[in-house]
Structure formats: structure tokens, C-alpha cells
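Q: Before we start, here is the structure in question, set down as C-alpha cells.
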Amino acid sequence: MITGFAASIVEAWQELRVHKVRVLMSLIGVGVAVCALTLVVGFGNMMQKGLADEYEQQAGRAATYTVSMYPTESEMSDSESEKVDAALRDTAERFGISHVSAYGQTETTVPGPTGSVSASMSIVDPDFAVMRRLAVDHGRWFSEADAANLSPAVVADETFLSDYGIDPNSLPATIELSGSPRTQATVIGSVPGDDFGDHGNIYVLNGQQQAFAEESDAVSDFEVWLPPEVGQELIKQVTADLERQLPGFDISGERTDFASGLEESLGPVKNVLLVISILILFMGMLGLLNISLVTIQQRVREIGIRRSFGATSRRIFFSVMMESVVATTIAGAVGVLIAVLLLKAPIVGELVFGGATTPQVPISAVVVGLLVSIGVGALAGLIPAIVATRVRIIDAIRA
């Protein structure tokens, strides 16, 4: 069987070489159509991955829930903040929640060498980088041991470092903090800057924010990363357990990531592009079908001679079918290659992803392109193959 299949492919390739002028234009159409389809699938998946990364940086991975805990009759004091931290750790351990982080935001001013430097301050825990896909360009992110440092640890973005006058390649570096007596903080890492902000951002560990802003309140909002399939039910159990441990607190939990809106944002665009590429593919298949039918009419004598020497209808059918499949597979492979090169082009990453890290070309797009090219060849070769099996020897002699 394997030998017969290989022989059919070789025979189909030889026939294509003989009739290459006739099928070349139709194969160009198929190749362009497969290239367009691969571009649509690949570009859609890359855009989805890029938007997913951006959404996760803004609001957390799927499924991130924000748990808010406020005292009902007073402001959050240091002792109550310690109770909240202990209760949250206990609940996370009980339910097997591996990623939990405080998340608070405030404004602060840091005295710099040439004047005060304003910054947005995010109060977080070490798990925050994993939950928000924060990539550290230089230095490192927080560890649990940083909470015990006498010099508070800081991770700053490139905008803040530029305003302060620190070269990211020189990290770690120290910065002066306001307050009496004056203290120092250590910048241990840097992350990419935000092009839309008026000033830079810094990240500090929960519990160390008082060194940067004396009027900073204790954090009452915490993010937890839960499995998407059980997140809705699990967050109810988490809030119920926290209410049991923290009487006198208002506790709520709601999902705050943007994963649910991702498909809604890209769905219509992907569908329109997919319909257009399918139409192009259909036109290319019709062109190949037309050329194949004309070719079969001109090969009646050849097919009749093969029948007279004992070639069965099945053999004729498979031979003609393989000619079309081999041709479209080659054209599809070329189209897929061109599509991959276009998707990996630096100009695409610059225009579409703004110079950020360009997602990898998904293997699914390559597989879809090759499978579609094979399928188109089978469909376009079906009718000519049926016509070829109905050629009679007497017709071939008359031809």
C-alpha cells in the first residue's frame, strides 16, 4: 500500500511537470488563497495573544478576582491590616490558592538629585508580577525576603528611572525618601514604562508604603488568581470564609480581569477576514477545477490506452485525484511559507504591536493552511477523477 501510494505521488508529479503551463495560473490562485487564509488565522491568533497579554497586564490573568475587605465602623488600622493579612493567608492555604497579592495605588513624590520626582505608587506582593505578566528588564522582582530589608525595595518603570536620572543598567541603585529622619530605598529592578502616563510608576511591597507616603492607607483590596472553570463558585466560598474570620468587616469579591471581553473584541474582525479568505480560496479552487476538466478532455487517448493495458477504474481515479492534491499541496506550502515570513516581518511587529514583543506565529495557522490546501486539491480533483473513470476504450481509439 505504501509503495503504491508513493508511486501515485511520483506519477502525479510527473504529470504536473508535463502540464505545468496549464495548471500554473490556477495554482497561483490557490497559493494566494492559502496564504490569505493562513494570514487570517495566524494574525487573528497573534492579535488575540497580544491583546490577552495586554489585558492581563492591566487587570490580571483569567480569572482574577478582587477581594475587598473594609471595617464597617472605622478606618483600616495597622492591627486590623495584620488581621486581614493573616485571614487571607489562612483562606488561601485552605482553598489551595497559589497566587494572592495586595493591590493599592496612590501618588507619591520622591526627592531627586535635580528636584522632586512624582510617581504613581502601586502597593503589591511578590505574586503580583506573575498575575499581571510584568516582565523585569533589568535587575529582579520582589522576593519574600525583601519584606525584612531595612532599606525598602522598589521596582520602578523606565519613565521614573529616567526622571530620577538612574541608568537601568546600573541597578541596584539607592534613592532618597522624604520624611524625618530621611531614609533610603533600593531600586532592585525595572519594568517597561507606560507611554500614556504623565509620570513614572514604582512598585513597593505591602507594608512598606509608609516609607514613601506617610499618609498612605493600609491596603484593603487583594487580588486572587483562581481557576476559570471554578472561579465563580470558589470566590463565594472564599468570601464566606473571610467573613467567618473577620466579623465586623464588609467583604466582597468580584471578577476584574478583561478575559471575557477579548473574544467579543476580535470575533467580528476575525469572522469578516475569514469569510473573505474563504471566498478567495473558493475562486482558486474553481479555476483549478476548470483547468483539470480541460486537461482530462485532452488526455482521453492516454487514459484509454492505460485502461487497455489493465489499469482499473480505481487506479485511474486515484491517479487523477493525486495530481490535483499534490499540486495544491505544493502551492499551499509555498503560500504558508510566504504567510509565515510576512507575520514574522519586523515591520508587522512595529505597526501592529507597537514595537512590543511580537507573539510567535501559531502552529495552528500553519496546520490549517496545509490541511486546507490538501482539502482543496481533493475537492478540485474529485470531478475530473470521476470523468476520467468513465472514459471508454472505444472512445480513446476514436480519439
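Residues are named by chain letter and number: chains run A, B, ... in the order of the C-alpha cells, numbers start at 1 in each chain, and ligands are numbered from 1 in the order shown.
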If we count only C-alpha atoms and set the cut-off at 6 Å, which residues sit around Ser101 in chain A, ignoring sequence neighbours fewer than 3 positions away in its own chain? Please answer as a ChimeraX atom specification.
A: /A:124-125,127-128,222-223
Q: Give me the residues within 9 Å of range 280-296 of chain A as a PyMOL selection string, counting only C-alpha atoms and dropping any in the same chain fewer than 2 places off.
A: chain A and resi 19+22-23+25-34+36-37+275-278+298-300+303+320+324+328+376-377+379-385+387-388
Q: Have a look at A:Ala129, A:Arg255, A:Ser162, A:Gln232 and name the one nearest to Leu205 in chain A; count only C-alpha atoms.
A: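 Of A:Ala129, A:Arg255, A:Ser162, A:Gln232, the one nearest Leu205 in chain A, counting only C-alpha atoms, is A:Ala129.
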Q: Using DSSP assignments from the backbone, pull out every residue in range 152-281 of chain A that falls under strand (DSSP E) and give it to me as a compact mmCIF listing (two decimals) with N, CA, C and O atoms, in the first residue's frame.
A:
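Now in result26.txt:
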```
# COMPACT_ATOMS: atom_id res chain seq x y z
N ALA A 153 12.59 47.90 49.35
CA ALA A 153 12.87 47.55 47.96
C ALA A 153 11.86 48.23 47.04
O ALA A 153 10.68 48.40 47.39
N VAL A 154 12.31 48.59 45.85
CA VAL A 154 11.48 49.28 44.87
C VAL A 154 11.73 48.67 43.50
O VAL A 154 12.88 48.37 43.15
N VAL A 155 10.68 48.47 42.75
CA VAL A 155 10.78 48.18 41.32
C VAL A 155 10.15 49.35 40.59
O VAL A 155 9.00 49.71 40.85
N ALA A 156 10.90 49.97 39.70
CA ALA A 156 10.44 51.20 39.02
C ALA A 156 10.38 50.98 37.52
O ALA A 156 11.09 50.12 36.97
N ASP A 157 9.53 51.76 36.87
CA ASP A 157 9.49 51.67 35.41
C ASP A 157 10.54 52.61 34.82
O ASP A 157 11.16 53.42 35.51
N ALA A 173 20.25 50.44 42.67
CA ALA A 173 20.63 51.81 42.98
C ALA A 173 19.78 52.30 44.14
O ALA A 173 18.70 51.78 44.40
N THR A 174 20.25 53.29 44.86
CA THR A 174 19.53 53.83 46.01
C THR A 174 18.92 55.17 45.66
O THR A 174 19.44 55.93 44.84
N ILE A 175 17.75 55.44 46.26
CA ILE A 175 17.08 56.72 46.11
C ILE A 175 16.72 57.25 47.49
O ILE A 175 16.48 56.47 48.42
N GLU A 176 16.69 58.55 47.61
CA GLU A 176 16.34 59.19 48.88
C GLU A 176 14.82 59.26 49.02
O GLU A 176 14.10 59.46 48.03
N LEU A 177 14.33 59.08 50.23
CA LEU A 177 12.91 59.19 50.52
C LEU A 177 12.66 60.38 51.42
O LEU A 177 13.48 60.72 52.27
N THR A 183 15.27 58.46 54.92
CA THR A 183 15.71 57.09 54.71
C THR A 183 16.00 56.89 53.23
O THR A 183 15.76 57.76 52.39
N GLN A 184 16.52 55.72 52.92
CA GLN A 184 16.85 55.38 51.54
C GLN A 184 16.10 54.11 51.15
O GLN A 184 15.81 53.25 51.97
N ALA A 185 15.77 54.03 49.88
CA ALA A 185 15.17 52.82 49.31
C ALA A 185 16.10 52.30 48.23
O ALA A 185 16.90 53.05 47.66
N THR A 186 15.99 51.01 47.95
CA THR A 186 16.85 50.38 46.95
C THR A 186 16.02 49.96 45.74
O THR A 186 15.07 49.18 45.88
N VAL A 187 16.36 50.51 44.58
CA VAL A 187 15.70 50.11 43.34
C VAL A 187 16.35 48.82 42.87
O VAL A 187 17.53 48.81 42.49
N ILE A 188 15.60 47.73 42.91
CA ILE A 188 16.17 46.42 42.60
C ILE A 188 15.86 45.95 41.18
O ILE A 188 16.46 44.99 40.71
N GLY A 189 14.93 46.61 40.49
CA GLY A 189 14.57 46.17 39.16
C GLY A 189 13.82 47.24 38.40
O GLY A 189 13.32 48.22 38.98
N SER A 190 13.72 47.05 37.09
CA SER A 190 12.98 47.99 36.25
C SER A 190 12.05 47.21 35.33
O SER A 190 12.35 46.08 34.92
N VAL A 191 10.93 47.83 35.01
CA VAL A 191 9.94 47.27 34.08
C VAL A 191 9.69 48.29 32.98
O VAL A 191 10.04 49.47 33.12
N GLY A 200 6.15 58.56 36.03
CA GLY A 200 6.53 57.16 36.15
C GLY A 200 5.75 56.41 37.21
O GLY A 200 4.91 56.96 37.93
N ASN A 201 6.03 55.12 37.27
CA ASN A 201 5.39 54.23 38.24
C ASN A 201 6.45 53.51 39.05
O ASN A 201 7.51 53.14 38.52
N ILE A 202 6.15 53.30 40.32
CA ILE A 202 7.01 52.49 41.17
C ILE A 202 6.14 51.46 41.88
O ILE A 202 4.94 51.67 42.10
N TYR A 203 6.75 50.32 42.19
CA TYR A 203 6.07 49.24 42.91
C TYR A 203 6.79 49.03 44.23
O TYR A 203 8.03 48.94 44.26
N VAL A 204 6.03 48.97 45.31
CA VAL A 204 6.59 48.72 46.64
C VAL A 204 5.82 47.58 47.28
O VAL A 204 4.67 47.29 46.92
N LEU A 205 6.44 46.94 48.25
CA LEU A 205 5.81 45.82 48.94
C LEU A 205 4.76 46.31 49.92
O LEU A 205 4.94 47.36 50.57
N ASP A 221 -7.69 46.03 49.36
CA ASP A 221 -8.05 45.27 48.17
C ASP A 221 -6.95 44.27 47.85
O ASP A 221 -5.76 44.63 47.81
N PHE A 222 -7.36 43.04 47.60
CA PHE A 222 -6.42 41.97 47.30
C PHE A 222 -6.90 41.23 46.05
O PHE A 222 -8.10 41.02 45.88
N GLU A 223 -5.95 40.85 45.20
CA GLU A 223 -6.27 40.09 44.00
C GLU A 223 -5.90 38.64 44.21
O GLU A 223 -4.82 38.33 44.73
N VAL A 224 -6.80 37.75 43.78
CA VAL A 224 -6.54 36.32 43.85
C VAL A 224 -6.74 35.73 42.46
O VAL A 224 -7.66 36.12 41.73
N TRP A 225 -5.87 34.83 42.09
CA TRP A 225 -5.92 34.19 40.77
C TRP A 225 -6.51 32.81 40.94
O TRP A 225 -5.89 31.93 41.55
N PHE A 249 -16.39 43.24 59.28
CA PHE A 249 -15.83 43.71 58.02
C PHE A 249 -16.85 43.53 56.91
O PHE A 249 -17.61 42.55 56.89
N ASP A 250 -16.85 44.49 55.99
CA ASP A 250 -17.60 44.33 54.74
C ASP A 250 -16.68 43.67 53.73
O ASP A 250 -15.64 44.24 53.35
N ILE A 251 -17.07 42.50 53.26
CA ILE A 251 -16.20 41.72 52.39
C ILE A 251 -16.96 41.41 51.10
O ILE A 251 -18.11 40.97 51.14
N SER A 252 -16.31 41.66 49.98
CA SER A 252 -16.92 41.38 48.68
C SER A 252 -15.85 40.85 47.75
O SER A 252 -14.65 41.13 47.93
N GLY A 253 -16.26 40.08 46.78
CA GLY A 253 -15.34 39.53 45.78
C GLY A 253 -15.98 39.53 44.41
O GLY A 253 -17.10 39.06 44.24
N GLU A 254 -15.28 40.05 43.42
CA GLU A 254 -15.81 40.09 42.05
C GLU A 254 -14.67 39.93 41.06
O GLU A 254 -13.52 40.28 41.35
N ARG A 255 -15.02 39.40 39.91
CA ARG A 255 -14.03 39.20 38.87
C ARG A 255 -13.71 40.53 38.20
O ARG A 255 -14.61 41.28 37.83
```
Q: For Asp78 in chain A, work out the shell of residues within 9 Å, counting only C-alpha atoms and skipping chain neighbours fewer than 4 positions away, then give it as a ChimeraX atom specification.
A: /A:82-83,218
Q: Measuring between only C-alpha atoms, which one of A:Leu242, A:Ala331, A:Ala59, A:Met47 shows the shortest distance to Asp257 in chain A?
A: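 Ranking A:Leu242, A:Ala331, A:Ala59, A:Met47 by distance to Asp257 in chain A, first place goes to A:Ala59.
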Q: Neighbours of range 104-115 of chain A within 6 Å (only C-alpha atoms; same-chain residues fewer than 5 positions away dropped), as a PyMOL selection string?
A: chain A and resi 120-123+164+177+213+219
Q: Got time to write the residues from that selection, N, CA and C atoms, as a PDB file, in the first residue's frame?
A:
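Result written to out29.pdb:
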```pdb
ATOM      1  N   SER A 120       3.396  57.410  40.380  1.00  0.00           N
ATOM      2  CA  SER A 120       2.267  56.611  40.839  1.00  0.00           C
ATOM      3  C   SER A 120       2.837  55.391  41.555  1.00  0.00           C
ATOM      4  N   MET A 121       2.351  55.153  42.762  1.00  0.00           N
ATOM      5  CA  MET A 121       2.894  54.064  43.560  1.00  0.00           C
ATOM      6  C   MET A 121       1.876  52.929  43.655  1.00  0.00           C
ATOM      7  N   SER A 122       2.288  51.737  43.268  1.00  0.00           N
ATOM      8  CA  SER A 122       1.461  50.545  43.381  1.00  0.00           C
ATOM      9  C   SER A 122       1.980  49.708  44.539  1.00  0.00           C
ATOM     10  N   ILE A 123       1.066  49.345  45.429  1.00  0.00           N
ATOM     11  CA  ILE A 123       1.414  48.565  46.619  1.00  0.00           C
ATOM     12  C   ILE A 123       1.023  47.118  46.332  1.00  0.00           C
ATOM     13  N   TYR A 164      14.394  60.356  37.382  1.00  0.00           N
ATOM     14  CA  TYR A 164      15.265  60.433  38.565  1.00  0.00           C
ATOM     15  C   TYR A 164      16.739  60.537  38.162  1.00  0.00           C
ATOM     16  N   LEU A 177      14.329  59.083  50.232  1.00  0.00           N
ATOM     17  CA  LEU A 177      12.909  59.194  50.517  1.00  0.00           C
ATOM     18  C   LEU A 177      12.656  60.381  51.421  1.00  0.00           C
ATOM     19  N   ALA A 213       5.030  57.321  51.409  1.00  0.00           N
ATOM     20  CA  ALA A 213       3.933  58.280  51.562  1.00  0.00           C
ATOM     21  C   ALA A 213       3.349  58.088  52.957  1.00  0.00           C
ATOM     22  N   VAL A 219      -3.707  48.739  52.769  1.00  0.00           N
ATOM     23  CA  VAL A 219      -4.367  48.155  51.605  1.00  0.00           C
ATOM     24  C   VAL A 219      -5.545  47.308  52.058  1.00  0.00           C
TER      25      VAL A 219
END
```
Q: I want to know what sits within 10 Å of Ala86 in chain A, based on only C-alpha atoms, with residues of the same chain fewer than 6 positions away left out; could you give that as a list in words?
A: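 Residues meeting the cut-off are Glu80, Ala92 and Gln245 of chain A.
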Q: Which is closest to Phe43 in chain A among A:Gly369, A:Pro192, A:Pro362, A:Gly375, if we use only C-alpha atoms?
A: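 Looking at the shortest contact to Phe43 in chain A, the residue is A:Pro362.
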Q: Please determine, counting only C-alpha atoms, which residue among A:Leu161, A:Val326, A:Val366, A:Ala63 has the shortest atom-to-atom distance to Val41 in chain A.
A: A:Val366
Q: Using only C-alpha atoms for the distances, tell me which of A:Gly42, A:Pro152, A:Pro268, A:Pro346 is nearest to Asn206 in chain A.
A: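 The shortest atom-to-atom distance to Asn206 in chain A comes from A:Pro152.
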